[in-house]
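A.B. asks: model_19.pdb is the file, holding PDB, C-alpha atoms, pLDDT in the B column:
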```pdb
ATOM      1  CA  MET A   1      93.247  23.638  56.829  1.00 74.00           C
ATOM      2  CA  ASP A   2      95.951  22.058  58.954  1.00 86.00           C
ATOM      3  CA  GLU A   3      95.537  20.853  62.521  1.00 85.00           C
ATOM      4  CA  ARG A   4      97.167  23.964  63.992  1.00 88.00           C
ATOM      5  CA  GLU A   5      94.706  26.317  62.309  1.00 91.00           C
ATOM      6  CA  GLU A   6      91.799  24.085  63.319  1.00 88.00           C
ATOM      7  CA  LEU A   7      92.932  24.357  66.925  1.00 86.00           C
ATOM      8  CA  ILE A   8      93.203  28.131  66.685  1.00 91.00           C
ATOM      9  CA  GLN A   9      89.666  28.310  65.334  1.00 93.00           C
ATOM     10  CA  GLU A  10      88.436  26.146  68.220  1.00 89.00           C
ATOM     11  CA  LEU A  11      90.292  28.335  70.723  1.00 89.00           C
ATOM     12  CA  ASP A  12      88.795  31.477  69.178  1.00 94.00           C
ATOM     13  CA  GLN A  13      85.295  30.015  69.294  1.00 94.00           C
ATOM     14  CA  SER A  14      85.572  28.966  72.918  1.00 91.00           C
ATOM     15  CA  ARG A  15      87.097  32.320  73.864  1.00 92.00           C
ATOM     16  CA  GLY A  16      84.192  34.081  72.134  1.00 94.00           C
ATOM     17  CA  VAL A  17      81.713  32.089  74.199  1.00 95.00           C
ATOM     18  CA  LEU A  18      83.650  32.887  77.357  1.00 92.00           C
ATOM     19  CA  LEU A  19      83.699  36.613  76.530  1.00 92.00           C
ATOM     20  CA  GLU A  20      79.930  36.561  76.049  1.00 94.00           C
ATOM     21  CA  LEU A  21      79.417  34.814  79.369  1.00 93.00           C
ATOM     22  CA  LEU A  22      81.664  37.231  81.258  1.00 92.00           C
ATOM     23  CA  ALA A  23      80.411  40.438  79.618  1.00 91.00           C
ATOM     24  CA  GLY A  24      78.957  42.861  82.109  1.00 92.00           C
ATOM     25  CA  ILE A  25      80.093  41.001  85.227  1.00 95.00           C
ATOM     26  CA  PRO A  26      81.856  43.335  87.683  1.00 95.00           C
ATOM     27  CA  SER A  27      85.526  42.396  88.062  1.00 93.00           C
ATOM     28  CA  ASP A  28      85.253  41.960  91.829  1.00 94.00           C
ATOM     29  CA  SER A  29      82.367  39.484  91.541  1.00 96.00           C
ATOM     30  CA  GLU A  30      83.027  35.970  92.745  1.00 96.00           C
ATOM     31  CA  ILE A  31      82.505  33.750  89.698  1.00 93.00           C
ATOM     32  CA  TYR A  32      83.988  30.561  91.111  1.00 90.00           C
ATOM     33  CA  SER A  33      84.393  29.493  94.716  1.00 91.00           C
ATOM     34  CA  GLY A  34      86.917  31.947  96.142  1.00 90.00           C
ATOM     35  CA  TRP A  35      87.809  33.501  92.762  1.00 92.00           C
ATOM     36  CA  THR A  36      86.788  36.887  91.430  1.00 95.00           C
ATOM     37  CA  LEU A  37      86.564  37.644  87.735  1.00 95.00           C
ATOM     38  CA  ARG A  38      89.899  39.527  88.007  1.00 95.00           C
ATOM     39  CA  GLN A  39      91.539  36.442  89.488  1.00 95.00           C
ATOM     40  CA  PHE A  40      90.040  34.257  86.799  1.00 95.00           C
ATOM     41  CA  TYR A  41      91.551  36.474  84.075  1.00 95.00           C
ATOM     42  CA  ALA A  42      94.918  36.361  85.860  1.00 95.00           C
ATOM     43  CA  HIS A  43      94.670  32.580  86.128  1.00 93.00           C
ATOM     44  CA  LEU A  44      93.947  32.151  82.414  1.00 93.00           C
ATOM     45  CA  THR A  45      96.726  34.582  81.507  1.00 95.00           C
ATOM     46  CA  GLY A  46      99.241  32.624  83.550  1.00 92.00           C
ATOM     47  CA  TRP A  47      98.309  29.313  81.963  1.00 90.00           C
ATOM     48  CA  ASP A  48      98.328  30.655  78.406  1.00 92.00           C
ATOM     49  CA  ALA A  49     101.772  32.148  79.058  1.00 92.00           C
ATOM     50  CA  VAL A  50     103.283  29.000  80.540  1.00 89.00           C
ATOM     51  CA  VAL A  51     101.856  26.754  77.817  1.00 88.00           C
ATOM     52  CA  THR A  52     103.182  29.157  75.180  1.00 92.00           C
ATOM     53  CA  THR A  53     106.663  28.877  76.692  1.00 90.00           C
ATOM     54  CA  SER A  54     106.426  25.085  76.794  1.00 87.00           C
ATOM     55  CA  LEU A  55     105.292  24.883  73.166  1.00 88.00           C
ATOM     56  CA  ARG A  56     108.092  27.171  71.992  1.00 92.00           C
ATOM     57  CA  GLU A  57     110.693  25.161  73.895  1.00 89.00           C
ATOM     58  CA  HIS A  58     109.320  21.880  72.578  1.00 87.00           C
ATOM     59  CA  ALA A  59     109.177  23.234  69.016  1.00 89.00           C
ATOM     60  CA  ALA A  60     112.887  24.071  69.311  1.00 90.00           C
ATOM     61  CA  GLY A  61     113.658  20.552  70.518  1.00 86.00           C
ATOM     62  CA  ARG A  62     114.387  21.623  74.097  1.00 85.00           C
ATOM     63  CA  MET A  63     112.876  20.258  77.291  1.00 78.00           C
ATOM     64  CA  PRO A  64     110.662  22.959  78.805  1.00 75.00           C
ATOM     65  CA  ALA A  65     111.335  24.015  82.367  1.00 73.00           C
ATOM     66  CA  ALA A  66     108.826  22.792  84.929  1.00 71.00           C
ATOM     67  CA  PRO A  67     107.214  26.008  86.251  1.00 66.00           C
ATOM     68  CA  VAL A  68     104.605  24.106  88.232  1.00 73.00           C
ATOM     69  CA  VAL A  69     107.095  22.293  90.472  1.00 74.00           C
ATOM     70  CA  ASN A  70     105.263  23.384  93.621  1.00 81.00           C
ATOM     71  CA  GLY A  71     101.917  22.189  92.298  1.00 80.00           C
ATOM     72  CA  ILE A  72      99.053  23.632  90.311  1.00 84.00           C
ATOM     73  CA  ASP A  73      97.534  25.485  93.265  1.00 87.00           C
ATOM     74  CA  ALA A  74     100.813  27.276  93.974  1.00 88.00           C
ATOM     75  CA  TYR A  75     101.200  28.199  90.304  1.00 87.00           C
ATOM     76  CA  ASN A  76      97.625  29.513  90.188  1.00 88.00           C
ATOM     77  CA  ALA A  77      98.244  31.593  93.319  1.00 91.00           C
ATOM     78  CA  GLU A  78     101.433  33.036  91.844  1.00 91.00           C
ATOM     79  CA  SER A  79      99.710  33.864  88.540  1.00 90.00           C
ATOM     80  CA  ILE A  80      97.053  35.766  90.451  1.00 93.00           C
ATOM     81  CA  HIS A  81      99.473  37.418  92.866  1.00 94.00           C
ATOM     82  CA  THR A  82     101.724  38.804  90.127  1.00 94.00           C
ATOM     83  CA  ARG A  83      98.758  40.582  88.548  1.00 93.00           C
ATOM     84  CA  GLU A  84      96.791  41.730  91.587  1.00 91.00           C
ATOM     85  CA  THR A  85      98.045  45.340  91.439  1.00 93.00           C
ATOM     86  CA  LEU A  86      97.065  45.780  87.791  1.00 94.00           C
ATOM     87  CA  ASP A  87      93.928  47.695  86.925  1.00 94.00           C
ATOM     88  CA  ASP A  88      91.040  45.836  85.316  1.00 92.00           C
ATOM     89  CA  ASP A  89      91.796  46.972  81.755  1.00 93.00           C
ATOM     90  CA  ARG A  90      95.436  45.919  82.067  1.00 95.00           C
ATOM     91  CA  ILE A  91      94.495  42.463  83.352  1.00 94.00           C
ATOM     92  CA  VAL A  92      92.088  41.913  80.457  1.00 92.00           C
ATOM     93  CA  ASN A  93      94.644  43.226  77.951  1.00 95.00           C
ATOM     94  CA  GLU A  94      97.303  40.862  79.311  1.00 95.00           C
ATOM     95  CA  TRP A  95      94.795  38.018  79.038  1.00 93.00           C
ATOM     96  CA  LYS A  96      94.149  38.856  75.389  1.00 94.00           C
ATOM     97  CA  LEU A  97      97.847  39.319  74.614  1.00 97.00           C
ATOM     98  CA  ALA A  98      98.748  36.000  76.256  1.00 96.00           C
ATOM     99  CA  ARG A  99      96.162  34.252  74.069  1.00 96.00           C
ATOM    100  CA  GLU A 100      97.564  35.897  70.917  1.00 97.00           C
ATOM    101  CA  GLU A 101     101.062  34.736  71.870  1.00 97.00           C
ATOM    102  CA  PHE A 102      99.703  31.237  72.521  1.00 94.00           C
ATOM    103  CA  LYS A 103      98.103  31.174  69.070  1.00 95.00           C
ATOM    104  CA  ALA A 104     101.357  32.410  67.493  1.00 97.00           C
ATOM    105  CA  ALA A 105     103.223  29.546  69.193  1.00 94.00           C
ATOM    106  CA  ILE A 106     100.695  27.110  67.738  1.00 92.00           C
ATOM    107  CA  ARG A 107     101.030  28.612  64.247  1.00 93.00           C
ATOM    108  CA  ASP A 108     104.823  28.412  64.497  1.00 94.00           C
ATOM    109  CA  PHE A 109     104.809  24.865  65.852  1.00 91.00           C
ATOM    110  CA  PRO A 110     106.528  22.486  63.415  1.00 91.00           C
ATOM    111  CA  PRO A 111     104.038  19.906  62.092  1.00 87.00           C
ATOM    112  CA  GLU A 112     106.681  17.194  62.279  1.00 86.00           C
ATOM    113  CA  ARG A 113     106.794  17.602  66.085  1.00 85.00           C
ATOM    114  CA  LEU A 114     103.037  17.242  66.638  1.00 80.00           C
ATOM    115  CA  ASN A 115     103.417  13.603  67.665  1.00 81.00           C
ATOM    116  CA  VAL A 116     106.610  13.967  69.690  1.00 82.00           C
ATOM    117  CA  PRO A 117     105.874  13.476  73.410  1.00 81.00           C
ATOM    118  CA  LEU A 118     106.020  16.587  75.567  1.00 79.00           C
ATOM    119  CA  LEU A 119     105.779  17.071  79.310  1.00 73.00           C
ATOM    120  CA  PHE A 120     103.260  19.850  79.804  1.00 73.00           C
ATOM    121  CA  PRO A 121     103.676  22.401  82.602  1.00 73.00           C
ATOM    122  CA  TRP A 122     101.151  20.680  84.839  1.00 71.00           C
ATOM    123  CA  ASP A 123     103.378  17.576  84.727  1.00 67.00           C
ATOM    124  CA  ALA A 124     101.246  15.588  82.279  1.00 67.00           C
ATOM    125  CA  PRO A 125     102.920  13.859  79.351  1.00 66.00           C
ATOM    126  CA  ALA A 126     101.129  14.048  76.011  1.00 68.00           C
ATOM    127  CA  VAL A 127     101.726  14.704  72.356  1.00 66.00           C
ATOM    128  CA  CYS A 128     100.687  18.096  71.053  1.00 66.00           C
ATOM    129  CA  GLY A 129      98.313  16.754  68.440  1.00 60.00           C
ATOM    130  CA  SER A 130      96.249  14.866  71.034  1.00 56.00           C
ATOM    131  CA  TRP A 131      96.479  17.446  73.831  1.00 56.00           C
ATOM    132  CA  TRP A 132      95.255  20.259  71.656  1.00 53.00           C
ATOM    133  CA  LYS A 133      91.914  18.556  71.241  1.00 49.00           C
ATOM    134  CA  PHE A 134      91.375  18.564  75.004  1.00 44.00           C
ATOM    135  CA  SER A 135      92.634  22.043  75.960  1.00 45.00           C
TER     136      SER A 135
END
```
Hey, can you dump this file as structure tokens for me?
C.D. replies:
Amino acid sequence: MDEREELIQELDQSRGVLLELLAGIPSDSEIYSGWTLRQFYAHLTGWDAVVTTSLREHAAGRMPAAPVVNGIDAYNAESIHTRETLDDDRIVNEWKLAREEFKAAIRDFPPERLNVPLLFPWDAPAVCGSWWKFS
């Protein structure tokens, strides 16, 4: 199995654990200081989406745009704000779809670019092969 598929398996395993932990918690419950479960889903959706875009741009040999130019807190707030009018099912479905798109970007990622430096959206340089182990 190649490194990309190993990562996808790790992502699926960690997502399974997260789903188990969150099962049955009301969406308006505060699960982290100042964050409800709904906001947490919106936060994760936003980050999966922006990392997917960065990976696709990097795979094509282009420099990804810097969507986090105003800082991580501002990006988190925007990710939550853009989804706050969605109903609970829609937020969870977007979260799941964003993860599937993220995994597709990993599957499509050219192996020869795994060790080419990339500036990730949160303004941290890394190479994909090493970053994937810490995501």
A.B. asks: Have a look at A:Ile8, A:Ile25, A:Ala74, A:Leu86 and name the one nearest to Lys103 (chain A); count all atoms listed in the file.
C.D. replies: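 Residue with the minimum atom-to-atom distance to Lys103 (chain A): A:Ile8.
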A.B. asks: Name the closest residue to Ser54 (chain A) among the candidates A:Val92, A:Glu112, A:Ala105, A:Glu5; distances are taken between atoms, counting only C-alpha atoms.
C.D. replies: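 With only C-alpha atoms as the atom set, the closest residue is A:Ala105.
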A.B. asks: Fewer than 2 positions away in the same chain doesn't count, so skip those; otherwise give me all residues within 12 Å of Glu57 (chain A), counting all atoms listed in the file, as a short mmCIF file (atom, residue, chain, number, x, y, z; two decimals) with C-alpha atoms, keeping the file's coordinate frame.
C.D. replies:
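Resulting contents of around33.cif:
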```cif
data_model
loop_
_atom_site.label_atom_id
_atom_site.label_comp_id
_atom_site.auth_asym_id
_atom_site.auth_seq_id
_atom_site.Cartn_x
_atom_site.Cartn_y
_atom_site.Cartn_z
CA VAL A 50 103.28 29.00 80.54
CA VAL A 51 101.86 26.75 77.82
CA THR A 52 103.18 29.16 75.18
CA THR A 53 106.66 28.88 76.69
CA SER A 54 106.43 25.08 76.79
CA LEU A 55 105.29 24.88 73.17
CA ALA A 59 109.18 23.23 69.02
CA ALA A 60 112.89 24.07 69.31
CA GLY A 61 113.66 20.55 70.52
CA ARG A 62 114.39 21.62 74.10
CA MET A 63 112.88 20.26 77.29
CA PRO A 64 110.66 22.96 78.81
CA ALA A 65 111.34 24.02 82.37
CA ALA A 66 108.83 22.79 84.93
CA ALA A 105 103.22 29.55 69.19
CA ILE A 106 100.70 27.11 67.74
CA ASP A 108 104.82 28.41 64.50
CA PHE A 109 104.81 24.86 65.85
CA PRO A 110 106.53 22.49 63.42
CA ARG A 113 106.79 17.60 66.08
CA LEU A 118 106.02 16.59 75.57
CA LEU A 119 105.78 17.07 79.31
CA PHE A 120 103.26 19.85 79.80
CA PRO A 121 103.68 22.40 82.60
#
```
A.B. asks: By how many Å are CA of Arg15 (chain A) and CA of Tyr32 (chain A) apart?
C.D. replies: 17.6 Å
A.B. asks: Taking into account all atoms listed in the file, which residue in the set A:Leu11, A:Asp48, A:His58, A:Leu37 is nearest to Ala23 (chain A)?
C.D. replies: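 The closest residue to Ala23 (chain A) is A:Leu37.
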A.B. asks: For Ser27 (chain A), list every protein, DNA or RNA residue within 9 Å, evaluated using all atoms listed in the file, and leave out those in the same chain fewer than 4 positions away; present the list as a PDB file with C-alpha atoms, keeping the file's coordinate frame.
C.D. replies:
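Generated file (around17.pdb):
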```pdb
ATOM      1  CA  THR A  36      86.788  36.887  91.430  1.00 95.00           C
ATOM      2  CA  LEU A  37      86.564  37.644  87.735  1.00 95.00           C
ATOM      3  CA  ARG A  38      89.899  39.527  88.007  1.00 95.00           C
ATOM      4  CA  GLN A  39      91.539  36.442  89.488  1.00 95.00           C
ATOM      5  CA  ASP A  88      91.040  45.836  85.316  1.00 92.00           C
TER       6      ASP A  88
END
```
A.B. asks: Could you check how far CA of Gln13 (chain A) sits from CA of Leu97 (chain A), in Å to one decimal?
C.D. replies: 16.5 Å
A.B. asks: Looking at A:Thr82, A:Asn115, A:Glu3, A:Trp122, which one is nearest to Val68 (chain A), with distances taken over only C-alpha atoms?
C.D. replies: A:Trp122
A.B. asks: For the atom pair CA of Trp95 (chain A) and CA of Leu19 (chain A), what is the interatomic distance in Å to one decimal place?
C.D. replies: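 Taking CA of Trp95 (chain A) as the start and CA of Leu19 (chain A) as the end point, the length is 11.5 Å.
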A.B. asks: Have a look at A:Val17, A:Ile72, A:Ala42, A:Ala49 and name the one nearest to Ala104 (chain A); count only C-alpha atoms.
C.D. replies: A:Ala49
